[in-house]
file work37.cif (mmCIF, C-alpha atoms)
data_data
loop_
_atom_site.label_atom_id
_atom_site.label_comp_id
_atom_site.auth_asym_id
_atom_site.auth_seq_id
_atom_site.Cartn_x
_atom_site.Cartn_y
_atom_site.Cartn_z
CA MET A 19 -46.73 -10.87 13.65
CA ARG A 20 -45.59 -10.64 10.02
CA VAL A 21 -46.44 -7.61 7.90
CA CYS A 22 -45.72 -7.40 4.17
CA LEU A 23 -45.93 -4.16 2.22
CA ASP A 24 -46.07 -4.77 -1.54
CA PHE A 25 -45.25 -1.66 -3.61
CA PRO A 26 -46.29 -1.55 -7.26
CA ALA A 27 -44.19 0.28 -9.87
CA VAL A 28 -44.74 4.02 -9.35
CA GLY A 29 -42.42 5.45 -11.96
CA SER A 30 -40.06 8.10 -10.59
CA SER A 31 -42.12 8.93 -7.49
CA GLN A 32 -40.10 8.74 -4.28
CA VAL A 33 -41.81 7.37 -1.17
CA ASP A 34 -40.47 8.60 2.18
CA LEU A 35 -41.05 5.59 4.43
CA SER A 36 -39.31 7.01 7.53
CA GLY A 37 -42.34 6.63 9.81
CA ILE A 38 -43.06 3.00 8.92
CA LEU A 39 -41.14 0.88 11.43
CA PRO A 40 -41.66 -2.40 13.27
CA GLU A 41 -42.50 -0.44 16.42
CA THR A 42 -45.14 1.63 14.62
CA VAL A 43 -46.67 -1.27 12.70
CA PHE A 44 -46.75 -4.32 14.96
CA GLY A 45 -49.82 -4.54 17.16
CA ARG A 46 -52.00 -2.60 14.72
CA THR A 47 -54.80 -3.95 12.55
CA LYS A 48 -54.50 -4.03 8.77
CA ALA A 49 -56.82 -1.03 8.49
CA GLU A 50 -54.77 0.95 11.01
CA ILE A 51 -51.55 0.20 9.14
CA GLU A 52 -53.10 1.34 5.87
CA ARG A 53 -53.95 4.70 7.46
CA LEU A 54 -50.38 5.43 8.56
CA PRO A 55 -48.98 8.54 6.83
CA VAL A 56 -46.17 8.50 4.26
CA VAL A 57 -44.83 11.22 1.98
CA VAL A 58 -44.79 10.76 -1.81
CA SER A 59 -42.89 13.44 -3.75
CA GLY A 60 -43.52 15.97 -0.97
CA ARG A 61 -47.22 15.15 -0.51
CA GLN A 62 -48.59 13.26 2.50
CA VAL A 63 -50.79 10.27 1.70
CA ARG A 64 -51.91 7.08 3.42
CA LEU A 65 -49.67 4.04 3.31
CA GLY A 66 -52.56 2.01 1.85
CA ASP A 67 -52.66 4.40 -1.12
CA VAL A 68 -49.16 3.38 -2.28
CA CYS A 69 -48.90 -0.31 -1.38
CA ARG A 70 -50.80 -3.46 -0.61
CA VAL A 71 -50.74 -4.39 3.10
CA ARG A 72 -50.82 -8.02 4.17
CA CYS A 73 -50.70 -9.24 7.76
CA SER A 74 -50.21 -12.65 9.32
CA SER A 75 -49.99 -13.84 12.90
CA LYS A 76 -47.77 -16.78 11.90
CA GLY A 77 -43.98 -16.81 12.08
CA GLN A 78 -41.50 -14.48 13.72
CA ASP A 79 -42.12 -10.76 13.85
CA ARG A 80 -40.94 -9.22 10.60
CA LEU A 81 -41.77 -6.25 8.41
CA SER A 82 -41.10 -7.04 4.73
CA LEU A 83 -40.99 -4.61 1.79
CA ARG A 84 -41.57 -6.04 -1.68
CA GLY A 85 -42.10 -4.88 -5.25
CA GLU A 86 -40.62 -1.58 -6.46
CA THR A 87 -38.46 -1.02 -3.39
CA SER A 88 -35.71 1.09 -5.00
CA ASN A 89 -37.98 4.17 -4.77
CA LEU A 90 -38.42 3.77 -1.02
CA GLU A 91 -36.36 6.37 0.84
CA ARG A 92 -35.25 6.46 4.49
CA VAL A 93 -36.44 2.95 5.27
CA GLY A 94 -35.84 2.19 8.95
CA THR A 95 -34.96 5.77 9.95
CA CYS A 96 -34.53 5.94 13.74
CA MET A 97 -35.60 2.29 14.02
CA GLY A 98 -35.12 0.89 17.51
CA VAL A 99 -36.30 -2.74 17.53
CA GLY A 100 -37.46 -5.55 15.29
CA THR A 101 -36.56 -6.80 11.84
CA MET A 102 -37.11 -5.21 8.44
CA VAL A 103 -36.38 -7.01 5.16
CA VAL A 104 -36.12 -5.19 1.83
CA GLU A 105 -36.72 -7.86 -0.80
CA GLY A 106 -34.95 -5.95 -3.55
CA ASP A 107 -32.91 -2.75 -3.82
CA ALA A 108 -33.09 -0.13 -1.08
CA GLY A 109 -33.39 3.60 -1.70
CA TYR A 110 -31.63 6.63 -0.26
CA GLY A 111 -31.01 6.89 3.49
CA THR A 112 -31.95 3.36 4.55
CA GLY A 113 -31.20 2.87 8.26
CA GLU A 114 -30.47 6.56 8.88
CA GLU A 115 -29.90 7.22 12.62
CA MET A 116 -31.00 3.67 13.40
CA ASN A 117 -30.71 2.73 17.09
CA GLY A 118 -31.42 -1.01 17.16
CA GLY A 119 -32.95 -3.96 15.40
CA THR A 120 -31.97 -5.46 12.05
CA ILE A 121 -32.39 -4.37 8.42
CA GLU A 122 -31.66 -6.94 5.72
CA ILE A 123 -31.41 -5.80 2.09
CA LEU A 124 -31.49 -8.58 -0.51
CA GLY A 125 -30.25 -6.32 -3.32
CA ASN A 126 -28.21 -3.12 -3.59
CA ALA A 127 -28.54 0.04 -1.49
CA ALA A 128 -28.43 3.66 -2.60
CA ASP A 129 -26.46 6.51 -1.00
CA CYS A 130 -26.37 7.17 2.75
CA LEU A 131 -26.97 3.63 3.99
CA GLY A 132 -26.72 3.68 7.80
CA LEU A 133 -26.05 7.42 7.89
CA ALA A 134 -25.19 8.41 11.49
CA LEU A 135 -26.00 4.87 12.64
CA HIS A 136 -26.21 4.52 16.45
CA GLY A 137 -26.93 0.81 16.88
CA GLY A 138 -28.40 -2.33 15.38
CA GLN A 139 -27.30 -4.22 12.28
CA ILE A 140 -27.69 -3.50 8.56
CA ARG A 141 -26.85 -6.18 6.02
CA ALA A 142 -26.83 -5.48 2.28
CA ALA A 143 -26.29 -8.40 -0.09
CA GLY A 144 -25.10 -6.27 -2.99
CA ASN A 145 -23.33 -2.95 -3.57
CA VAL A 146 -23.98 0.26 -1.64
CA GLY A 147 -23.67 3.91 -2.66
CA ASP A 148 -21.71 6.83 -1.23
CA TRP A 149 -21.54 7.95 2.41
CA CYS A 150 -22.36 4.58 3.94
CA GLY A 151 -22.11 4.92 7.74
CA ALA A 152 -20.97 8.52 7.34
CA ASN A 153 -21.95 11.71 9.16
CA SER A 154 -25.15 13.61 8.42
CA PRO A 155 -24.69 16.93 6.58
CA GLY A 156 -23.43 19.59 8.99
CA GLU A 157 -22.64 17.06 11.72
CA LYS A 158 -19.17 16.03 12.89
CA ASP A 159 -19.74 12.39 13.84
CA GLY A 160 -20.68 9.55 11.54
CA MET A 161 -21.86 6.22 12.91
CA THR A 162 -21.48 5.91 16.68
CA GLY A 163 -22.32 2.22 17.02
CA GLY A 164 -23.84 -0.79 15.33
CA VAL A 165 -22.72 -3.00 12.44
CA ILE A 166 -22.97 -2.56 8.66
CA LEU A 167 -22.24 -5.61 6.49
CA ILE A 168 -21.81 -5.13 2.73
CA GLY A 169 -21.77 -8.08 0.36
CA GLY A 170 -20.35 -6.09 -2.57
CA ASN A 171 -18.63 -2.75 -3.12
CA ALA A 172 -19.12 0.57 -1.32
CA GLY A 173 -18.89 4.10 -2.74
CA ARG A 174 -17.06 7.24 -1.65
CA GLU A 175 -16.63 8.44 1.93
CA ALA A 176 -17.84 5.23 3.55
CA GLY A 177 -17.40 5.53 7.31
CA ALA A 178 -16.62 9.26 7.15
CA GLY A 179 -16.53 10.68 10.67
CA MET A 180 -16.95 7.18 12.10
CA ARG A 181 -16.75 7.16 15.89
CA ARG A 182 -17.67 3.60 16.93
CA GLY A 183 -19.07 0.43 15.44
CA LEU A 184 -17.98 -1.85 12.61
CA ILE A 185 -18.29 -1.81 8.82
CA TYR A 186 -17.32 -4.80 6.67
CA ALA A 187 -17.26 -4.66 2.87
CA ALA A 188 -16.61 -7.87 0.92
CA GLY A 189 -15.64 -5.90 -2.19
CA ASP A 190 -13.84 -2.64 -2.95
CA VAL A 191 -14.42 0.72 -1.25
CA GLY A 192 -14.24 4.12 -2.96
CA GLU A 193 -12.16 7.22 -2.25
CA PHE A 194 -11.95 8.95 1.14
CA CYS A 195 -12.92 5.84 3.10
CA ALA A 196 -13.09 6.61 6.85
CA ALA A 197 -12.15 10.24 6.34
CA ARG A 198 -11.99 12.06 9.70
CA MET A 199 -12.40 8.74 11.53
CA ASN A 200 -12.39 9.06 15.34
CA ALA A 201 -12.71 5.40 16.35
CA GLY A 202 -14.29 2.14 15.27
CA THR A 203 -13.31 -0.59 12.82
CA PHE A 204 -13.61 -0.70 9.03
CA LEU A 205 -12.71 -3.90 7.17
CA CYS A 206 -12.46 -4.03 3.38
CA ALA A 207 -11.78 -7.45 1.86
CA GLY A 208 -11.02 -5.86 -1.50
CA ARG A 209 -9.21 -2.62 -2.33
CA LEU A 210 -9.40 0.69 -0.47
CA GLY A 211 -9.60 3.66 -2.82
CA LYS A 212 -7.41 6.75 -2.74
CA TYR A 213 -7.13 8.99 0.33
CA ALA A 214 -8.26 6.28 2.75
CA GLY A 215 -8.00 7.43 6.35
CA ILE A 216 -7.43 11.10 5.55
CA GLY A 217 -7.86 13.16 8.70
CA MET A 218 -8.30 10.08 10.91
CA LYS A 219 -7.54 10.53 14.61
CA ARG A 220 -8.07 7.00 15.91
CA GLY A 221 -9.63 3.75 14.73
CA SER A 222 -8.62 0.85 12.51
CA LEU A 223 -8.83 0.34 8.75
CA VAL A 224 -8.12 -3.17 7.48
CA ALA A 225 -7.81 -3.95 3.77
CA GLY A 226 -6.69 -6.58 1.32
CA LYS A 227 -5.15 -3.91 -0.93
CA ILE A 228 -4.92 -0.13 -0.99
CA SER A 229 -4.59 2.37 -3.82
CA GLY A 230 -1.61 4.19 -2.33
CA MET A 231 -0.95 5.27 1.25
CA LEU A 232 -1.37 8.93 2.16
CA PRO A 233 1.86 10.91 2.67
CA GLY A 234 2.81 11.02 6.34
CA PHE A 235 1.45 7.63 7.32
CA GLN A 236 4.34 5.77 8.90
CA SER A 237 5.20 2.10 8.65
CA ALA A 238 4.90 0.46 12.06
CA GLY A 239 5.95 -3.09 11.20
CA GLU A 240 3.65 -6.06 11.59
CA ALA A 241 0.35 -5.56 13.33
CA ASP A 242 -0.80 -7.05 16.62
CA THR A 243 -3.72 -9.04 15.27
CA GLU A 244 -5.19 -10.54 18.43
CA TRP A 245 -8.05 -8.05 18.44
CA LEU A 246 -8.56 -8.62 14.73
CA LYS A 247 -8.80 -12.39 15.18
CA ILE A 248 -11.56 -11.87 17.74
CA CYS A 249 -13.33 -9.59 15.27
CA LEU A 250 -13.06 -12.18 12.48
CA VAL A 251 -14.45 -14.91 14.74
CA MET A 252 -17.40 -12.66 15.56
CA LEU A 253 -18.04 -12.09 11.86
CA GLY A 254 -17.90 -15.83 11.24
CA LYS A 255 -20.59 -16.41 13.83
CA ILE A 256 -22.98 -14.20 11.85
CA ASN A 257 -22.12 -15.95 8.56
CA VAL A 258 -19.77 -13.32 7.15
CA HIS A 259 -16.99 -15.03 5.21
CA VAL A 260 -13.73 -13.07 5.24
CA PRO A 261 -10.74 -13.95 3.00
CA GLU A 262 -9.17 -17.21 4.19
CA GLU A 263 -5.66 -15.75 4.02
CA TRP A 264 -6.53 -13.22 6.70
CA SER A 265 -6.45 -16.01 9.27
CA ARG A 266 -2.97 -17.10 8.11
CA MET A 267 -1.20 -13.84 7.29
CA THR A 268 -0.07 -10.90 9.40
CA PRO A 269 -0.85 -7.54 7.77
CA LYS A 270 1.53 -4.61 7.53
CA ARG A 271 0.68 -1.73 9.84
CA TYR A 272 0.76 2.00 9.14
CA THR A 273 -0.13 4.78 11.57
CA GLY A 274 -1.60 8.25 10.97
CA ASP A 275 -2.96 10.73 10.08
CA PRO A 276 0.00 12.76 11.41
CA LEU A 277 -1.85 16.01 10.71
CA GLU A 278 -4.38 14.95 13.35
CA MET A 279 -3.74 12.87 16.48
CA GLY A 280 -1.95 10.21 14.44
CA LYS A 281 -3.31 7.33 16.54
CA GLY A 282 -5.22 5.67 13.72
CA GLU A 283 -3.97 2.58 11.93
CA ILE A 284 -4.28 1.06 8.48
CA LEU A 285 -3.54 -2.66 8.18
CA VAL A 286 -2.83 -3.99 4.68
CA TYR A 287 -2.56 -7.68 3.78
CA ASP A 288 -1.41 -7.42 0.18
CA GLU A 289 0.93 -5.20 -1.82
CA PHE A 290 0.05 -1.65 -2.79
CA GLU A 291 -1.48 -0.91 -6.18
#
call {"tool": "encode", "arguments": {"input": "work37.cif", "output": "structure tokens"}}
result
Amino acid sequence: MRVCLDFPAVGSSQVDLSGILPETVFGRTKAEIERLPVVVSGRQVRLGDVCRVRCSSKGQDRLSLRGETSNLERVGTCMGVGTMVVEGDAGYGTGEEMNGGTIEILGNAADCLGLALHGGQIRAAGNVGDWCGANSPGEKDGMTGGVILIGGNAGREAGAGMRRGLIYAAGDVGEFCAARMNAGTFLCAGRLGKYAGIGMKRGSLVAGKISGMLPGFQSAGEADTEWLKICLVMLGKINVHVPEEWSRMTPKRYTGDPLEMGKGEILVYDEFE
């Protein structure tokens, strides 16, 4: 079953789409889908009041969002199965606490993409905002599983509190990347911003360049890259193209944060900036 929700321009109104998921939509009639509740600027309305619903029994199961998608907040929240495609920019909190399935964003994504992600895969073609894959406010842990793939740049505190899973950014990443990281893998093909890895206990940060290493991080020579090669092969199988030199070069390895457990590592391929 294929379901397409076409959202007209609604000005500055924000649509909380957290209850509209593949598991809540598939198997319903068009009329039933139109009656599903959504929240617009704090007021509950029917889904059919804010978008055009189209259904088809042809093709693979997919829930598509079209039109003025940048005003859609919390798309795919707690999603467990299926595929969602945002055919444009995605709003705040897309993929929050997602457990499974796939979200594909053809444009950019706002703040809090994959916040506290538990499982599944999120793929954004463009840039993403702050706190991608980070912890929810008041919570200690960020993402605990799953994969986030970013075609452009990422903002501040990406992967903050990260415990498991993988984030790959093809561009640059802002300040405080992987702050308080407990485990997991974060790969940045571009440049890591300042204070990367601050407070990290375990886990791996991999970068093309870095805007200065934090005081206390110790040089540990060349890295053992066998695990990284396996990771890069896995990314290649899902059509993620990492820098070609990563397969030829051995990055420099630094360990820290010494103020915590100090078992984290930052691998850098190029010179510092």
call {"tool": "closest_residue", "arguments": {"input": "work37.cif", "among": "A:Glu263, A:Glu278, A:Glu50, A:Asp67", "to": "Phe235 in chain A", "atoms": "only C-alpha atoms"}}
result
A:Glu278
call {"tool": "resolve_selection", "arguments": {"input": "work37.cif", "expression": "the PyMOL selection byres ((chain A and resi 140) around 7)", "output": "mmCIF file with C-alpha atoms, in the frame of the given file"}}
result
data_model
loop_
_atom_site.group_PDB
_atom_site.id
_atom_site.type_symbol
_atom_site.label_atom_id
_atom_site.label_comp_id
_atom_site.auth_asym_id
_atom_site.auth_seq_id
_atom_site.Cartn_x
_atom_site.Cartn_y
_atom_site.Cartn_z
ATOM 1 C CA THR A 120 -31.970 -5.460 12.050
ATOM 2 C CA ILE A 121 -32.390 -4.370 8.420
ATOM 3 C CA GLU A 122 -31.660 -6.940 5.720
ATOM 4 C CA GLY A 138 -28.400 -2.330 15.380
ATOM 5 C CA GLN A 139 -27.300 -4.220 12.280
ATOM 6 C CA ARG A 141 -26.850 -6.180 6.020
ATOM 7 C CA ALA A 142 -26.830 -5.480 2.280
ATOM 8 C CA VAL A 165 -22.720 -3.000 12.440
ATOM 9 C CA ILE A 166 -22.970 -2.560 8.660
ATOM 10 C CA LEU A 167 -22.240 -5.610 6.490
#
call {"tool": "resolve_selection", "arguments": {"input": "work37.cif", "expression": "the PyMOL selection byres ((chain A and resi 101) around 8)", "output": "short mmCIF file (atom, residue, chain, number, x, y, z; two decimals) with C-alpha atoms, keeping the file's coordinate frame"}}
result
data_model
loop_
_atom_site.label_atom_id
_atom_site.label_comp_id
_atom_site.auth_asym_id
_atom_site.auth_seq_id
_atom_site.Cartn_x
_atom_site.Cartn_y
_atom_site.Cartn_z
CA PRO A 40 -41.66 -2.40 13.27
CA ASP A 79 -42.12 -10.76 13.85
CA ARG A 80 -40.94 -9.22 10.60
CA LEU A 81 -41.77 -6.25 8.41
CA VAL A 99 -36.30 -2.74 17.53
CA GLY A 100 -37.46 -5.55 15.29
CA MET A 102 -37.11 -5.21 8.44
CA VAL A 103 -36.38 -7.01 5.16
CA GLY A 119 -32.95 -3.96 15.40
CA THR A 120 -31.97 -5.46 12.05
CA ILE A 121 -32.39 -4.37 8.42
CA GLU A 122 -31.66 -6.94 5.72
#
call {"tool": "residues_around", "arguments": {"input": "work37.cif", "residues": "Val57 in chain A", "least_positions_apart": "4", "cutoff": "8 Å", "atoms": "only C-alpha atoms", "output": "list in words"}}
result
Val33, Asp34, Leu35, Arg61, Gln62 and Val63 of chain A
call {"tool": "resolve_selection", "arguments": {"input": "work37.cif", "expression": "the PyMOL selection byres ((chain A and resi 126) around 7)", "output": "CSV table (one decimal) with C-alpha atoms, in the frame of the given file"}}
result
chain,number,residue,atom,x,y,z
A,107,ASP,CA,-32.9,-2.8,-3.8
A,108,ALA,CA,-33.1,-0.1,-1.1
A,125,GLY,CA,-30.2,-6.3,-3.3
A,127,ALA,CA,-28.5,0.0,-1.5
A,128,ALA,CA,-28.4,3.7,-2.6
A,142,ALA,CA,-26.8,-5.5,2.3
A,143,ALA,CA,-26.3,-8.4,-0.1
A,144,GLY,CA,-25.1,-6.3,-3.0
A,145,ASN,CA,-23.3,-3.0,-3.6
A,146,VAL,CA,-24.0,0.3,-1.6
call {"tool": "closest_residue", "arguments": {"input": "work37.cif", "among": "A:Gly183, A:Gly147, A:Gly85, A:Pro26", "to": "Val104 in chain A", "atoms": "all atoms listed in the file"}}
result
A:Gly85
call {"tool": "atom_distance", "arguments": {"input": "work37.cif", "atom1": "CA of Gly118 in chain A", "atom2": "CA of Thr42 in chain A"}}
result
14.2 Å
call {"tool": "residues_around", "arguments": {"input": "work37.cif", "residues": "Tyr213 in chain A", "least_positions_apart": "2", "cutoff": "10 Å", "atoms": "all atoms listed in the file", "output": "PyMOL selection string"}}
result
chain A and resi 175+192-197+210-211+215-217+228-233
call {"tool": "atom_distance", "arguments": {"input": "work37.cif", "atom1": "CA of Ile284 in chain A", "atom2": "CA of Pro269 in chain A"}}
result
9.3 Å
call {"tool": "residues_around", "arguments": {"input": "work37.cif", "residues": "Ala152 in chain A", "least_positions_apart": "6", "cutoff": "10 Å", "atoms": "only C-alpha atoms", "output": "PyMOL selection string"}}
result
chain A and resi 114+130-135+158-162+174-181+195-199
call {"tool": "residues_around", "arguments": {"input": "work37.cif", "residues": "Ile51 in chain A", "least_positions_apart": "4", "cutoff": "9 Å", "atoms": "all atoms listed in the file", "output": "list in words"}}
result
Ile38, Thr42, Val43, Phe44, Arg46, Thr47, Arg64, Leu65, Gly66 and Val71 of chain A
call {"tool": "write_last_selection", "arguments": {"input": "work37.cif", "atoms": "C-alpha atoms", "output": "PDB file, in the frame of the given file"}}
result
ATOM      1  CA  ILE A  38     -43.060   3.000   8.920  1.00  0.00           C
ATOM      2  CA  THR A  42     -45.140   1.630  14.620  1.00  0.00           C
ATOM      3  CA  VAL A  43     -46.670  -1.270  12.700  1.00  0.00           C
ATOM      4  CA  PHE A  44     -46.750  -4.320  14.960  1.00  0.00           C
ATOM      5  CA  ARG A  46     -52.000  -2.600  14.720  1.00  0.00           C
ATOM      6  CA  THR A  47     -54.800  -3.950  12.550  1.00  0.00           C
ATOM      7  CA  ARG A  64     -51.910   7.080   3.420  1.00  0.00           C
ATOM      8  CA  LEU A  65     -49.670   4.040   3.310  1.00  0.00           C
ATOM      9  CA  GLY A  66     -52.560   2.010   1.850  1.00  0.00           C
ATOM     10  CA  VAL A  71     -50.740  -4.390   3.100  1.00  0.00           C
TER      11      VAL A  71
END
call {"tool": "atom_distance", "arguments": {"input": "work37.cif", "atom1": "CA of Val258 in chain A", "atom2": "CA of Ala187 in chain A"}}
result
10.0 Å
call {"tool": "closest_residue", "arguments": {"input": "work37.cif", "among": "A:Ala49, A:Leu54, A:Leu124, A:Met218", "to": "Ser88 in chain A", "atoms": "all atoms listed in the file"}}
result
A:Leu124
call {"tool": "axis_aligned_box", "arguments": {"input": "work37.cif", "around": "range 199-207 of chain A", "padding_each_side": "3 Å", "output": "lines of an AutoDock Vina configuration file"}}
result
center_x = -13.0
center_y = 0.8
center_z = 9.1
size_x = 8.5
size_y = 22.5
size_z = 20.5
call {"tool": "closest_residue", "arguments": {"input": "work37.cif", "among": "A:Gly239, A:Gly113, A:Gly156, A:Gly254", "to": "Gly94 in chain A", "atoms": "only C-alpha atoms"}}
result
A:Gly113
call {"tool": "closest_residue", "arguments": {"input": "work37.cif", "among": "A:Glu283, A:Glu91, A:Asp190, A:Glu240", "to": "Met267 in chain A", "atoms": "only C-alpha atoms"}}
result
A:Glu240
call {"tool": "residues_around", "arguments": {"input": "work37.cif", "residues": "Ser237 in chain A", "least_positions_apart": "6", "cutoff": "9 Å", "atoms": "all atoms listed in the file", "output": "list of chain:residue names"}}
result
A:Lys270, A:Arg271, A:Tyr272, A:Thr273
call {"tool": "write_last_selection", "arguments": {"input": "work37.cif", "atoms": "C-alpha atoms", "output": "short mmCIF file (atom, residue, chain, number, x, y, z; two decimals), in the coordinates of the input"}}
result
data_model
loop_
_atom_site.label_atom_id
_atom_site.label_comp_id
_atom_site.auth_asym_id
_atom_site.auth_seq_id
_atom_site.Cartn_x
_atom_site.Cartn_y
_atom_site.Cartn_z
CA LYS A 270 1.53 -4.61 7.53
CA ARG A 271 0.68 -1.73 9.84
CA TYR A 272 0.76 2.00 9.14
CA THR A 273 -0.13 4.78 11.57
#
call {"tool": "closest_residue", "arguments": {"input": "work37.cif", "among": "A:Phe25, A:Trp149, A:Tyr287, A:Trp245", "to": "Cys69 in chain A", "atoms": "all atoms listed in the file"}}
result
A:Phe25
call {"tool": "build_atoms", "arguments": {"input": "work37.cif", "residues": "range 218-243 of chain A", "atoms": "N, CA and C atoms", "output": "short mmCIF file (atom, residue, chain, number, x, y, z; two decimals), keeping the file's coordinate frame"}}
result
data_model
loop_
_atom_site.label_atom_id
_atom_site.label_comp_id
_atom_site.auth_asym_id
_atom_site.auth_seq_id
_atom_site.Cartn_x
_atom_site.Cartn_y
_atom_site.Cartn_z
N MET A 218 -7.89 10.97 9.82
CA MET A 218 -8.30 10.08 10.91
C MET A 218 -7.49 10.36 12.17
N LYS A 219 -8.17 10.30 13.31
CA LYS A 219 -7.54 10.53 14.61
C LYS A 219 -7.24 9.21 15.32
N ARG A 220 -8.21 8.33 15.32
CA ARG A 220 -8.07 7.00 15.91
C ARG A 220 -8.86 6.03 15.05
N GLY A 221 -8.86 4.75 15.45
CA GLY A 221 -9.63 3.75 14.73
C GLY A 221 -8.73 2.86 13.89
N SER A 222 -9.36 1.85 13.28
CA SER A 222 -8.62 0.85 12.51
C SER A 222 -9.27 0.62 11.15
N LEU A 223 -8.44 0.72 10.10
CA LEU A 223 -8.83 0.34 8.75
C LEU A 223 -8.07 -0.92 8.39
N VAL A 224 -8.76 -1.93 7.88
CA VAL A 224 -8.12 -3.17 7.48
C VAL A 224 -8.51 -3.44 6.03
N ALA A 225 -7.52 -3.76 5.18
CA ALA A 225 -7.81 -3.95 3.77
C ALA A 225 -6.95 -5.03 3.15
N GLY A 226 -7.49 -5.65 2.09
CA GLY A 226 -6.69 -6.58 1.32
C GLY A 226 -5.64 -5.84 0.52
N LYS A 227 -6.06 -4.75 -0.15
CA LYS A 227 -5.15 -3.91 -0.93
C LYS A 227 -5.53 -2.45 -0.71
N ILE A 228 -4.64 -1.55 -1.11
CA ILE A 228 -4.92 -0.13 -0.99
C ILE A 228 -4.32 0.60 -2.17
N SER A 229 -5.05 1.60 -2.66
CA SER A 229 -4.59 2.37 -3.82
C SER A 229 -3.69 3.51 -3.37
N GLY A 230 -2.58 3.18 -2.75
CA GLY A 230 -1.61 4.19 -2.33
C GLY A 230 -1.88 4.70 -0.93
N MET A 231 -0.84 4.75 -0.11
CA MET A 231 -0.95 5.27 1.25
C MET A 231 -0.76 6.78 1.25
N LEU A 232 -1.50 7.48 2.07
CA LEU A 232 -1.37 8.93 2.16
C LEU A 232 0.03 9.32 2.65
N PRO A 233 0.57 10.43 2.16
CA PRO A 233 1.86 10.91 2.67
C PRO A 233 1.76 11.17 4.18
N GLY A 234 2.79 10.80 4.90
CA GLY A 234 2.81 11.02 6.34
C GLY A 234 2.46 9.80 7.16
N PHE A 235 1.73 8.87 6.60
CA PHE A 235 1.45 7.63 7.32
C PHE A 235 2.75 6.84 7.42
N GLN A 236 3.06 6.41 8.63
CA GLN A 236 4.34 5.77 8.90
C GLN A 236 4.20 4.26 9.04
N SER A 237 5.17 3.54 8.48
CA SER A 237 5.20 2.10 8.65
C SER A 237 5.50 1.76 10.10
N ALA A 238 4.72 0.84 10.66
CA ALA A 238 4.90 0.46 12.06
C ALA A 238 5.10 -1.04 12.19
N GLY A 239 5.66 -1.67 11.14
CA GLY A 239 5.95 -3.09 11.20
C GLY A 239 4.71 -3.95 11.08
N GLU A 240 4.79 -5.15 11.62
CA GLU A 240 3.65 -6.06 11.59
C GLU A 240 2.66 -5.70 12.68
N ALA A 241 1.40 -5.94 12.40
CA ALA A 241 0.35 -5.56 13.33
C ALA A 241 0.14 -6.60 14.42
N ASP A 242 -0.33 -6.15 15.57
CA ASP A 242 -0.80 -7.05 16.62
C ASP A 242 -2.23 -7.42 16.25
N THR A 243 -2.43 -8.65 15.84
CA THR A 243 -3.72 -9.04 15.27
C THR A 243 -4.64 -9.79 16.22
#
